[in-house]
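Novice: Next up, final-v7.txt (compact mmCIF, C-alpha atoms).
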```txt
# COMPACT_ATOMS: atom_id res chain seq x y z
CA MET E 654 20.36 -39.91 60.61
CA ASN E 655 16.65 -39.46 59.99
CA GLN E 656 14.37 -41.22 57.53
CA THR E 657 14.55 -38.39 54.94
CA ASP E 658 18.35 -38.57 54.75
CA ILE E 659 18.20 -42.31 54.25
CA GLU E 660 15.66 -41.90 51.40
CA ASP E 661 17.84 -39.25 49.73
CA LYS E 662 20.88 -41.51 49.86
CA ASP E 663 18.89 -44.38 48.37
CA SER E 664 17.63 -42.08 45.61
CA ASP E 665 21.16 -40.92 44.77
CA ALA E 666 22.34 -44.51 44.69
CA ASP E 667 19.50 -45.48 42.34
CA ASP E 668 20.33 -42.55 40.03
CA LYS E 669 23.99 -43.53 39.92
CA THR E 670 23.06 -47.13 39.24
CA SER E 671 20.70 -46.10 36.40
CA LEU E 672 23.30 -43.83 34.83
CA LYS E 673 25.95 -46.53 35.12
CA HIS E 674 23.62 -49.06 33.56
CA PHE E 675 22.83 -46.68 30.68
CA ILE E 676 26.52 -46.04 29.96
CA GLN E 677 27.22 -49.76 30.04
CA ARG E 678 24.40 -50.44 27.58
CA VAL E 679 25.65 -47.72 25.20
CA GLN E 680 29.14 -49.19 25.32
CA TYR E 681 27.75 -52.67 24.73
CA TRP E 682 25.71 -51.65 21.67
CA ARG E 683 28.59 -49.61 20.26
CA SER E 684 30.91 -52.58 20.63
CA TYR E 685 28.27 -54.86 19.13
CA LEU E 686 27.81 -52.69 16.05
CA ILE E 687 31.45 -51.78 15.41
CA LYS E 688 33.10 -55.09 16.15
CA ARG E 689 30.50 -57.61 15.13
CA ARG E 690 28.24 -55.96 12.57
CA TRP E 691 30.45 -53.43 10.78
CA LYS E 692 30.32 -55.38 7.55
CA LEU E 693 26.53 -55.19 7.47
CA ILE E 694 26.66 -51.46 8.24
CA LEU E 695 29.14 -50.96 5.41
CA LEU E 696 26.86 -52.98 3.15
CA GLY E 697 23.93 -50.69 4.10
CA PHE E 698 26.05 -47.62 3.35
CA LEU E 699 27.05 -48.93 -0.08
CA ALA E 700 23.50 -49.97 -0.93
CA GLY E 701 22.15 -46.54 0.07
CA ALA E 702 24.93 -44.78 -1.84
CA ALA E 703 24.16 -46.83 -4.94
CA LEU E 704 20.47 -45.98 -4.71
CA GLY E 705 21.28 -42.28 -4.20
CA LEU E 706 23.60 -42.25 -7.19
CA THR E 707 21.00 -44.02 -9.33
CA TYR E 708 18.41 -41.46 -8.29
CA SER E 709 20.73 -38.61 -9.31
CA PHE E 710 21.03 -40.10 -12.81
CA LEU E 711 17.30 -40.74 -13.22
CA LYS E 712 16.08 -37.47 -11.67
CA LYS E 713 15.42 -34.91 -14.39
CA PRO E 714 16.74 -31.39 -13.78
CA LEU E 715 14.35 -28.61 -12.78
CA PHE E 716 14.34 -25.18 -14.37
CA ASP E 717 13.83 -22.25 -12.02
CA ALA E 718 12.21 -19.07 -13.39
CA GLU E 719 11.90 -16.02 -11.15
CA LEU E 720 10.16 -12.70 -11.76
CA SER E 721 9.92 -9.77 -9.36
CA PHE E 722 7.76 -6.68 -9.59
CA ALA E 723 6.73 -3.70 -7.49
CA ILE E 724 3.41 -1.87 -7.33
CA GLN E 725 3.40 1.89 -7.13
CA ASP E 726 -0.09 2.97 -6.13
CA ASP E 727 -0.69 6.74 -5.88
CA ASN E 728 -4.24 7.23 -4.72
CA SER E 729 -3.85 10.51 -2.91
CA GLY E 730 -6.27 13.30 -3.71
CA GLY E 731 -6.53 16.95 -2.91
CA GLY E 732 -6.33 20.38 -4.47
CA LYS E 733 -8.22 20.70 -7.73
CA LEU E 734 -8.93 16.99 -7.79
CA GLY E 735 -10.60 17.25 -4.41
CA ALA E 736 -12.74 20.13 -5.65
CA ALA E 737 -13.77 18.00 -8.61
CA VAL E 738 -15.69 15.66 -6.32
CA GLY E 739 -18.24 18.33 -5.51
CA LEU E 740 -18.58 19.50 -9.10
CA ALA E 741 -18.95 15.99 -10.52
CA SER E 742 -21.48 15.03 -7.88
CA GLN E 743 -23.88 17.54 -9.45
CA PHE E 744 -24.09 15.19 -12.41
CA GLY E 745 -24.30 12.03 -10.31
CA ILE E 746 -20.63 11.14 -10.86
CA ASP E 747 -18.43 9.86 -8.03
CA LEU E 748 -14.76 10.88 -8.31
CA SER E 749 -13.84 9.86 -4.78
CA GLY E 750 -12.06 6.74 -6.04
CA SER E 751 -12.33 3.11 -5.00
CA ASN E 752 -10.85 1.10 -2.19
CA ILE E 753 -10.00 -1.94 -4.30
CA GLY E 754 -6.32 -1.22 -3.76
CA GLY E 755 -6.69 -2.00 -0.06
CA ALA E 756 -8.35 -5.30 -0.88
CA PHE E 757 -5.27 -6.42 -2.81
CA SER E 758 -2.56 -4.86 -0.67
CA GLY E 759 0.04 -6.69 1.40
CA ASP E 760 -0.58 -10.40 1.93
CA ASN E 761 -3.88 -10.16 0.05
CA LEU E 762 -1.91 -9.66 -3.16
CA LEU E 763 0.03 -12.86 -2.45
CA GLU E 764 -3.22 -14.76 -2.02
CA LEU E 765 -4.47 -13.29 -5.29
CA LEU E 766 -1.36 -14.67 -7.01
CA ARG E 767 -2.07 -18.09 -5.52
CA SER E 768 -5.76 -18.06 -6.42
CA ARG E 769 -7.25 -20.66 -8.72
CA ALA E 770 -8.69 -18.03 -11.07
CA MET E 771 -5.28 -16.46 -11.71
CA VAL E 772 -3.45 -19.79 -12.15
CA GLU E 773 -6.06 -21.22 -14.52
CA LYS E 774 -6.22 -18.02 -16.57
CA SER E 775 -2.42 -18.11 -16.86
CA LEU E 776 -2.57 -21.75 -17.99
CA LEU E 777 -4.96 -20.73 -20.78
CA THR E 778 -2.52 -18.09 -22.05
CA SER E 779 -1.39 -18.71 -25.63
CA VAL E 780 2.31 -18.85 -26.46
CA THR E 781 4.26 -19.60 -29.64
CA ILE E 782 6.63 -22.58 -29.43
CA ASN E 783 8.53 -23.78 -32.52
CA GLY E 784 6.27 -21.68 -34.73
CA LYS E 785 3.11 -23.24 -33.29
CA GLN E 786 0.63 -21.47 -31.06
CA GLU E 787 -0.61 -23.42 -28.07
CA THR E 788 -1.79 -22.83 -24.53
CA LEU E 789 0.38 -23.36 -21.50
CA ALA E 790 -2.13 -25.98 -20.35
CA ASP E 791 -1.39 -28.11 -23.46
CA LEU E 792 2.36 -27.58 -22.94
CA TYR E 793 1.94 -28.73 -19.34
CA ILE E 794 0.20 -31.89 -20.55
CA THR E 795 2.93 -32.54 -23.12
CA PHE E 796 6.05 -32.28 -20.97
CA ASN E 797 4.45 -34.23 -18.13
CA LYS E 798 3.61 -36.99 -20.68
CA LEU E 799 0.01 -37.09 -19.53
CA ARG E 800 -1.37 -38.10 -22.91
CA GLN E 801 0.54 -41.38 -22.69
CA ARG E 802 -1.18 -42.07 -19.37
CA TRP E 803 -4.56 -41.19 -20.86
CA ALA E 804 -4.10 -43.34 -23.96
CA GLU E 805 -6.71 -45.85 -22.76
CA ASP E 806 -9.13 -43.21 -21.46
CA PRO E 807 -11.69 -42.29 -24.16
CA VAL E 808 -12.57 -39.00 -22.43
CA LEU E 809 -9.10 -37.66 -21.72
CA LYS E 810 -6.95 -38.99 -24.55
CA ASN E 811 -8.08 -36.31 -27.05
CA ILE E 812 -8.73 -33.47 -24.64
CA GLN E 813 -7.22 -30.11 -25.62
CA PHE E 814 -7.13 -26.50 -24.45
CA LEU E 815 -7.17 -24.54 -27.69
CA PRO E 816 -5.90 -20.94 -27.88
CA ASN E 817 -8.56 -18.22 -27.48
CA ALA E 818 -11.21 -20.80 -26.57
CA ASP E 819 -14.35 -19.65 -24.78
CA ARG E 820 -13.84 -20.53 -21.10
CA SER E 821 -17.58 -20.66 -20.47
CA LYS E 822 -17.96 -23.49 -23.00
CA PHE E 823 -15.43 -25.83 -21.40
CA THR E 824 -16.58 -29.35 -20.61
CA LEU E 825 -16.70 -30.80 -17.12
CA SER E 826 -13.56 -32.80 -17.88
CA GLN E 827 -11.66 -29.68 -18.93
CA ASP E 828 -12.72 -27.82 -15.78
CA SER E 829 -11.75 -30.78 -13.62
CA LEU E 830 -8.33 -31.07 -15.27
CA LEU E 831 -7.61 -27.36 -14.78
CA GLY E 832 -8.48 -27.83 -11.11
CA VAL E 833 -6.04 -30.75 -10.84
CA PHE E 834 -3.34 -28.74 -12.61
CA TYR E 835 -3.95 -25.82 -10.26
CA HIS E 836 -3.54 -27.89 -7.08
CA THR E 837 -0.41 -29.63 -8.43
CA ILE E 838 1.24 -26.38 -9.55
CA LEU E 839 0.39 -24.64 -6.29
CA LYS E 840 1.84 -27.51 -4.27
CA LYS E 841 4.95 -28.41 -6.29
CA ASN E 842 5.84 -25.68 -8.77
CA LEU E 843 4.70 -22.21 -7.71
CA ASN E 844 6.15 -20.08 -4.94
CA VAL E 845 4.96 -16.51 -4.31
CA ASP E 846 6.50 -14.32 -1.64
CA LYS E 847 7.57 -10.79 -0.73
CA VAL E 848 11.24 -9.88 -0.72
CA ASP E 849 10.74 -8.07 2.58
CA LYS E 850 7.67 -7.45 4.72
CA ASP E 851 8.35 -3.71 4.66
CA LEU E 852 8.75 -3.58 0.87
CA SER E 853 6.17 -3.83 -1.91
CA ILE E 854 8.36 -6.05 -4.10
CA VAL E 855 6.77 -9.42 -4.88
CA THR E 856 8.55 -12.41 -6.41
CA ILE E 857 7.01 -15.21 -8.47
CA LYS E 858 9.05 -18.41 -8.73
CA VAL E 859 8.12 -21.33 -10.95
CA GLU E 860 10.14 -24.54 -10.94
CA THR E 861 9.29 -27.30 -13.45
CA LYS E 862 10.95 -29.88 -15.67
CA ASN E 863 10.31 -27.79 -18.79
CA GLU E 864 12.40 -24.65 -19.32
CA LEU E 865 9.94 -22.87 -21.62
CA PHE E 866 6.95 -23.59 -19.40
CA SER E 867 8.76 -22.20 -16.35
CA LYS E 868 9.58 -18.98 -18.19
CA TYR E 869 6.26 -18.42 -19.98
CA PHE E 870 4.07 -19.39 -17.03
CA THR E 871 5.94 -17.00 -14.73
CA GLU E 872 5.46 -14.14 -17.19
CA ALA E 873 1.80 -15.11 -17.77
CA MET E 874 1.13 -15.07 -14.03
CA ALA E 875 2.61 -11.58 -13.69
CA LYS E 876 0.61 -10.21 -16.64
CA THR E 877 -2.64 -11.88 -15.61
CA VAL E 878 -2.52 -10.57 -12.07
CA SER E 879 -1.32 -7.14 -13.23
CA ASP E 880 -4.22 -6.80 -15.71
CA PHE E 881 -6.76 -8.00 -13.15
CA TYR E 882 -5.40 -5.66 -10.48
CA ILE E 883 -5.42 -2.60 -12.74
CA GLU E 884 -8.86 -3.40 -14.12
CA SER E 885 -10.30 -3.84 -10.63
CA LYS E 886 -8.54 -0.77 -9.27
CA THR E 887 -9.73 1.56 -12.04
CA LYS E 888 -13.14 0.06 -12.80
CA LYS E 889 -15.14 2.72 -10.96
CA SER E 890 -13.13 5.64 -12.36
CA SER E 891 -13.37 4.20 -15.89
CA GLN E 892 -17.14 4.02 -15.55
CA ASN E 893 -17.20 7.65 -14.40
CA VAL E 894 -15.15 8.74 -17.42
CA ASN E 895 -17.43 6.83 -19.79
CA VAL E 896 -20.59 8.37 -18.31
CA LEU E 897 -19.15 11.89 -18.45
CA GLN E 898 -17.95 11.33 -22.01
CA LYS E 899 -21.43 10.28 -23.12
CA LEU E 900 -23.03 13.27 -21.38
CA THR E 901 -20.49 15.63 -22.95
CA ASP E 902 -21.06 14.24 -26.44
CA SER E 903 -24.83 14.44 -25.99
CA VAL E 904 -24.79 18.08 -24.80
CA ARG E 905 -22.34 19.06 -27.57
CA SER E 906 -24.69 17.53 -30.12
CA GLU E 907 -27.62 19.49 -28.67
CA LEU E 908 -25.56 22.69 -28.71
CA ASN E 909 -24.63 22.20 -32.36
CA ALA E 910 -28.27 21.59 -33.19
CA ALA E 911 -29.33 24.75 -31.33
CA ILE E 912 -26.71 26.88 -33.14
CA THR E 913 -27.92 25.47 -36.46
CA GLY E 914 -31.50 26.26 -35.43
CA VAL E 915 -30.67 29.90 -34.74
CA ALA E 916 -29.11 30.25 -38.17
CA THR E 917 -32.04 28.46 -39.84
CA THR E 918 -34.71 30.66 -38.27
CA SER E 919 -32.77 33.79 -39.24
CA ASP E 920 -32.48 32.60 -42.82
CA ILE E 921 -36.21 31.90 -43.04
CA ASN E 922 -37.03 35.54 -42.29
CA PRO E 923 -34.02 37.54 -43.42
CA ASN E 924 -35.97 40.84 -43.60
CA ALA E 925 -38.47 40.38 -40.82
CA ASN E 926 -40.88 43.21 -40.04
CA PRO E 927 -39.53 44.77 -36.79
CA THR E 928 -43.09 45.50 -35.67
CA LEU E 929 -43.96 41.76 -35.68
CA GLN E 930 -42.30 40.38 -32.54
CA ILE E 931 -43.77 36.90 -33.07
CA LEU E 932 -41.31 36.35 -35.90
CA LYS E 933 -38.39 36.65 -33.46
CA VAL E 934 -39.66 33.96 -31.03
CA PRO E 935 -38.17 30.85 -32.80
CA SER E 936 -34.77 32.47 -33.03
CA GLN E 937 -34.88 33.60 -29.39
CA ARG E 938 -35.84 30.11 -28.24
CA ARG E 939 -32.92 28.63 -30.11
CA GLN E 940 -30.63 31.26 -28.62
CA VAL E 941 -31.71 30.28 -25.11
CA ASP E 942 -30.92 26.64 -25.95
CA VAL E 943 -27.49 27.67 -27.19
CA GLU E 944 -26.70 29.54 -23.96
CA ALA E 945 -28.01 26.77 -21.70
CA ASN E 946 -26.22 23.97 -23.55
CA GLY E 947 -23.06 26.07 -23.72
CA ALA E 948 -23.01 26.49 -19.94
CA MET E 949 -23.66 22.78 -19.38
CA LEU E 950 -20.98 21.80 -21.87
CA THR E 951 -18.41 24.00 -20.12
CA GLU E 952 -19.04 22.27 -16.78
CA LEU E 953 -19.12 18.80 -18.32
CA VAL E 954 -15.83 19.28 -20.16
CA LYS E 955 -14.23 20.51 -16.93
CA ASN E 956 -15.49 17.51 -14.97
CA LEU E 957 -14.52 15.11 -17.76
CA GLU E 958 -10.93 16.29 -17.66
CA LEU E 959 -10.90 16.04 -13.85
CA ALA E 960 -12.31 12.50 -14.08
CA LYS E 961 -9.54 11.54 -16.50
CA ILE E 962 -6.98 12.94 -14.04
CA SER E 963 -8.57 10.85 -11.29
CA LEU E 964 -8.39 7.75 -13.51
CA ARG E 965 -4.71 8.32 -14.23
CA LYS E 966 -3.97 8.79 -10.53
CA GLU E 967 -5.83 5.61 -9.60
CA THR E 968 -4.09 3.50 -12.26
CA PRO E 969 -1.29 1.71 -10.38
CA LEU E 970 2.13 1.33 -11.95
CA ILE E 971 3.24 -2.30 -12.14
CA GLN E 972 7.01 -2.08 -12.42
CA ILE E 973 8.74 -5.29 -13.53
CA ILE E 974 12.17 -5.49 -11.88
CA ASP E 975 13.59 -8.87 -12.94
CA THR E 976 12.29 -11.26 -15.58
CA PRO E 977 13.36 -14.84 -16.38
CA ILE E 978 15.92 -14.94 -19.19
CA LEU E 979 16.82 -18.04 -21.17
CA PRO E 980 18.72 -20.20 -20.44
CA LEU E 981 17.19 -20.61 -17.00
CA GLU E 982 19.03 -21.79 -13.93
CA GLU E 983 19.13 -25.57 -13.97
CA LYS E 984 18.75 -27.39 -10.69
CA GLU E 985 19.86 -31.01 -10.52
CA VAL E 986 20.79 -33.47 -7.83
CA LEU E 987 24.58 -33.38 -7.38
CA LYS E 988 25.98 -36.89 -7.72
CA PRO E 989 28.53 -36.63 -4.85
CA VAL E 990 25.81 -35.30 -2.55
CA ALA E 991 23.41 -38.05 -3.62
CA PHE E 992 26.13 -40.67 -3.01
CA ILE E 993 26.96 -39.45 0.51
CA VAL E 994 23.39 -38.75 1.63
CA GLY E 995 22.17 -42.07 0.24
CA GLY E 996 25.02 -43.89 1.98
CA ILE E 997 24.32 -42.25 5.34
CA VAL E 998 20.60 -43.01 5.10
CA GLY E 999 21.38 -46.64 4.16
CA ALA E 1000 23.81 -47.01 7.07
CA VAL E 1001 21.36 -45.51 9.57
CA LEU E 1002 18.55 -47.77 8.40
CA MET E 1003 20.86 -50.80 8.70
CA ILE E 1004 21.88 -49.79 12.25
CA ILE E 1005 18.24 -49.40 13.29
CA ASN E 1006 17.42 -52.80 11.80
CA LEU E 1007 20.35 -54.46 13.59
CA LEU E 1008 19.45 -52.89 16.95
CA ILE E 1009 15.82 -53.95 16.67
CA ARG E 1010 16.75 -57.50 15.74
CA ALA E 1011 19.36 -57.75 18.52
CA ARG E 1012 16.97 -56.38 21.12
CA TYR E 1013 14.26 -58.78 19.98
CA ARG E 1014 16.62 -61.77 20.36
CA GLU E 1015 17.69 -60.47 23.79
CA ILE E 1016 14.09 -60.29 24.97
CA MET E 1017 13.19 -63.70 23.56
CA GLY E 1018 16.35 -65.21 25.04
CA THR E 1019 17.71 -66.40 21.69
CA LYS E 1020 21.08 -65.79 20.08
```
Could I get this file's structure written as structure tokens?
Specialist:
Amino acid sequence: MNQTDIEDKDSDADDKTSLKHFIQRVQYWRSYLIKRRWKLILLGFLAGAALGLTYSFLKKPLFDAELSFAIQDDNSGGGKLGAAVGLASQFGIDLSGSNIGGAFSGDNLLELLRSRAMVEKSLLTSVTINGKQETLADLYITFNKLRQRWAEDPVLKNIQFLPNADRSKFTLSQDSLLGVFYHTILKKNLNVDKVDKDLSIVTIKVETKNELFSKYFTEAMAKTVSDFYIESKTKKSSQNVNVLQKLTDSVRSELNAAITGVATTSDINPNANPTLQILKVPSQRRQVDVEANGAMLTELVKNLELAKISLRKETPLIQIIDTPILPLEEKEVLKPVAFIVGGIVGAVLMIINLLIRARYREIMGTK
């Protein structure tokens, strides 16, 4: 037998000894806990169960509001609309559309829903509760009983977010509070996700202690983001339509003036001497203006209609699928679950405490 074989046998023997020692220790601790400390473990279970049950009574229920919507965005061009680009470009108008839809597509839309601007704007939405109009920010303060906490604070105790208030005139304290509300809601109350990665259906879930706030804030979020998305998506096309409309109105006004001028000059000299050509010049000038403005007006009207078609095609359809309906789903801690989970946690903590104390006494050589 060589040296390697001897070392292998010693290693196997050490492994067996270690495994045997481990099994013996497990058996010892199991016997120690079950036979000698079971009363303390039972006490830990009962204490944890009592705390869990107490928590279930004190914990206020949460109201879950969920809204889902889909975005149908048809931004395809071609045919007559494609031809309109060249015609409109003669007047300095761009009908090629915008790419804002790509900026808010996919996961970008989810981030838009989670943005501070959208959450704060939703909080400043006015709603009617018990015949009184107030903002969701004030409702948030009320049901979270924040005014009671601010009773001794001279700055915060009378702070309000009035309906239709000018956001640019908010104080530093108001801006700071909205920021705090935003971070709290984003962390604890708001959940935004897609139903499926391959689908364009987005869900907004709001879970708070106030049923009305959950419902109204969910709906406000959907409307705020929808309005912002549509406004951003169609901003360029809307500007094009406005410019073309102004040009069309201006040329039509000039055409009407030219037609009136032709009639006026004819009335001034109803029986003009045919040998005096100079008398025909004012009328001929007005006639040229009529023809020129008429041709321009024809092209402008055509491009205006094409621009309106482009605007309609670029306006995305926000289709609401499900909306929160009162009464909302109420989530509360089930008392049997709280009792069992609390008891298990209490028992585990007691076992850990007993093992640590027993091991400490073993190391220190005390009983």
Novice: Looking at E:Ser963, E:Gln813, E:Gln940, E:Thr976, which one is nearest to E:Lys886, with distances taken over only C-alpha atoms?
Specialist: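 Residue with the minimum atom-to-atom distance to E:Lys886: E:Ser963.
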Novice: Pick out the residues sitting within 9 Å of E:Ser826, and hand them over as a ChimeraX atom specification; count only C-alpha atoms, and ignore anything fewer than 2 positions along from it in its own chain.
Specialist: /E:808-809,812,823-824,828-831
Novice: Might I get the box with edges along x, y and z of the file that holds all atoms of stretch 910-913 of chain E listed there, padded by 6 Å on every side, given as centre and edge lengths in Å to one decimal, as lines of an AutoDock Vina configuration file?
Specialist:
```
center_x = -28.0
center_y = 24.2
center_z = -33.9
size_x = 14.6
size_y = 17.3
size_z = 17.1
```
Novice: How close does stretch 770-825 of chain E get to stretch 861-866 of chain E? List, as a Markdown table, each residue of stretch 770-825 of chain E within 10 Å, its nearest atom pair and the distance in Å to one decimal, counting all atoms listed in the file.
Specialist:
```
| residue | atom | partner | partner_atom | distance |
| --- | --- | --- | --- | --- |
| E:Leu776 | CA | E:Phe866 | CA | 9.8 |
| E:Val780 | CA | E:Phe866 | CA | 9.7 |
| E:Ile782 | CA | E:Leu865 | CA | 8.5 |
| E:Leu789 | CA | E:Phe866 | CA | 6.9 |
| E:Ala790 | CA | E:Phe866 | CA | 9.4 |
| E:Leu792 | CA | E:Phe866 | CA | 7.0 |
| E:Tyr793 | CA | E:Phe866 | CA | 7.2 |
| E:Thr795 | CA | E:Asn863 | CA | 9.8 |
| E:Phe796 | CA | E:Asn863 | CA | 6.6 |
| E:Asn797 | CA | E:Lys862 | CA | 8.2 |
```
Novice: What would the file look like if the residues just selected were written as a compact mmCIF listing (two decimals), in the frame of the given file with C-alpha atoms?
Specialist:
```txt
# COMPACT_ATOMS: atom_id res chain seq x y z
CA LEU E 776 -2.57 -21.75 -17.99
CA VAL E 780 2.31 -18.85 -26.46
CA ILE E 782 6.63 -22.58 -29.43
CA LEU E 789 0.38 -23.36 -21.50
CA ALA E 790 -2.13 -25.98 -20.35
CA LEU E 792 2.36 -27.58 -22.94
CA TYR E 793 1.94 -28.73 -19.34
CA THR E 795 2.93 -32.54 -23.12
CA PHE E 796 6.05 -32.28 -20.97
CA ASN E 797 4.45 -34.23 -18.13
```
Novice: Would you work out the distance separating atom CA of E:Val859 from atom CA of E:Thr887, expressed in Å to one decimal?
Specialist: 29.0 Å
Novice: For atom CA of E:Met771 and atom CA of E:Lys840, quote the distance in Å rounded to one decimal.
Specialist: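 A separation of 15.1 Å between them.
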Novice: Please indicate the distance in Å from atom CA of E:Arg1012 to atom CA of E:Leu696, rounded to one decimal place.
Specialist: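 The value is 20.8 Å.
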Novice: Nearest residue to E:Val894 out of E:Ile676, E:Leu959, E:Leu777, E:Lys798, using only C-alpha atoms?
Specialist: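 For E:Val894, the nearest of the given residues is E:Leu959.
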Novice: Using only C-alpha atoms, which of the listed residues (E:Asn956, E:Gln898, E:Thr871, E:Asn909) sits closest to E:Ile978?
Specialist: E:Thr871
Novice: Which neighbours of E:Leu1008 fall inside 12 Å, counting only C-alpha atoms, when residues of the same chain fewer than 2 positions from it are skipped, and could you give them as a PDB file with C-alpha atoms, in the coordinates of the input?
Specialist:
```pdb
ATOM      1  CA  ARG E 678      24.400 -50.440  27.580  1.00  0.00           C
ATOM      2  CA  VAL E 679      25.650 -47.720  25.200  1.00  0.00           C
ATOM      3  CA  TYR E 681      27.750 -52.670  24.730  1.00  0.00           C
ATOM      4  CA  TRP E 682      25.710 -51.650  21.670  1.00  0.00           C
ATOM      5  CA  ARG E 683      28.590 -49.610  20.260  1.00  0.00           C
ATOM      6  CA  TYR E 685      28.270 -54.860  19.130  1.00  0.00           C
ATOM      7  CA  LEU E 686      27.810 -52.690  16.050  1.00  0.00           C
ATOM      8  CA  ARG E 690      28.240 -55.960  12.570  1.00  0.00           C
ATOM      9  CA  ILE E 694      26.660 -51.460   8.240  1.00  0.00           C
ATOM     10  CA  VAL E1001      21.360 -45.510   9.570  1.00  0.00           C
ATOM     11  CA  LEU E1002      18.550 -47.770   8.400  1.00  0.00           C
ATOM     12  CA  MET E1003      20.860 -50.800   8.700  1.00  0.00           C
ATOM     13  CA  ILE E1004      21.880 -49.790  12.250  1.00  0.00           C
ATOM     14  CA  ILE E1005      18.240 -49.400  13.290  1.00  0.00           C
ATOM     15  CA  ASN E1006      17.420 -52.800  11.800  1.00  0.00           C
ATOM     16  CA  ARG E1010      16.750 -57.500  15.740  1.00  0.00           C
ATOM     17  CA  ALA E1011      19.360 -57.750  18.520  1.00  0.00           C
ATOM     18  CA  ARG E1012      16.970 -56.380  21.120  1.00  0.00           C
ATOM     19  CA  TYR E1013      14.260 -58.780  19.980  1.00  0.00           C
ATOM     20  CA  ARG E1014      16.620 -61.770  20.360  1.00  0.00           C
ATOM     21  CA  GLU E1015      17.690 -60.470  23.790  1.00  0.00           C
TER      22      GLU E1015
END
```
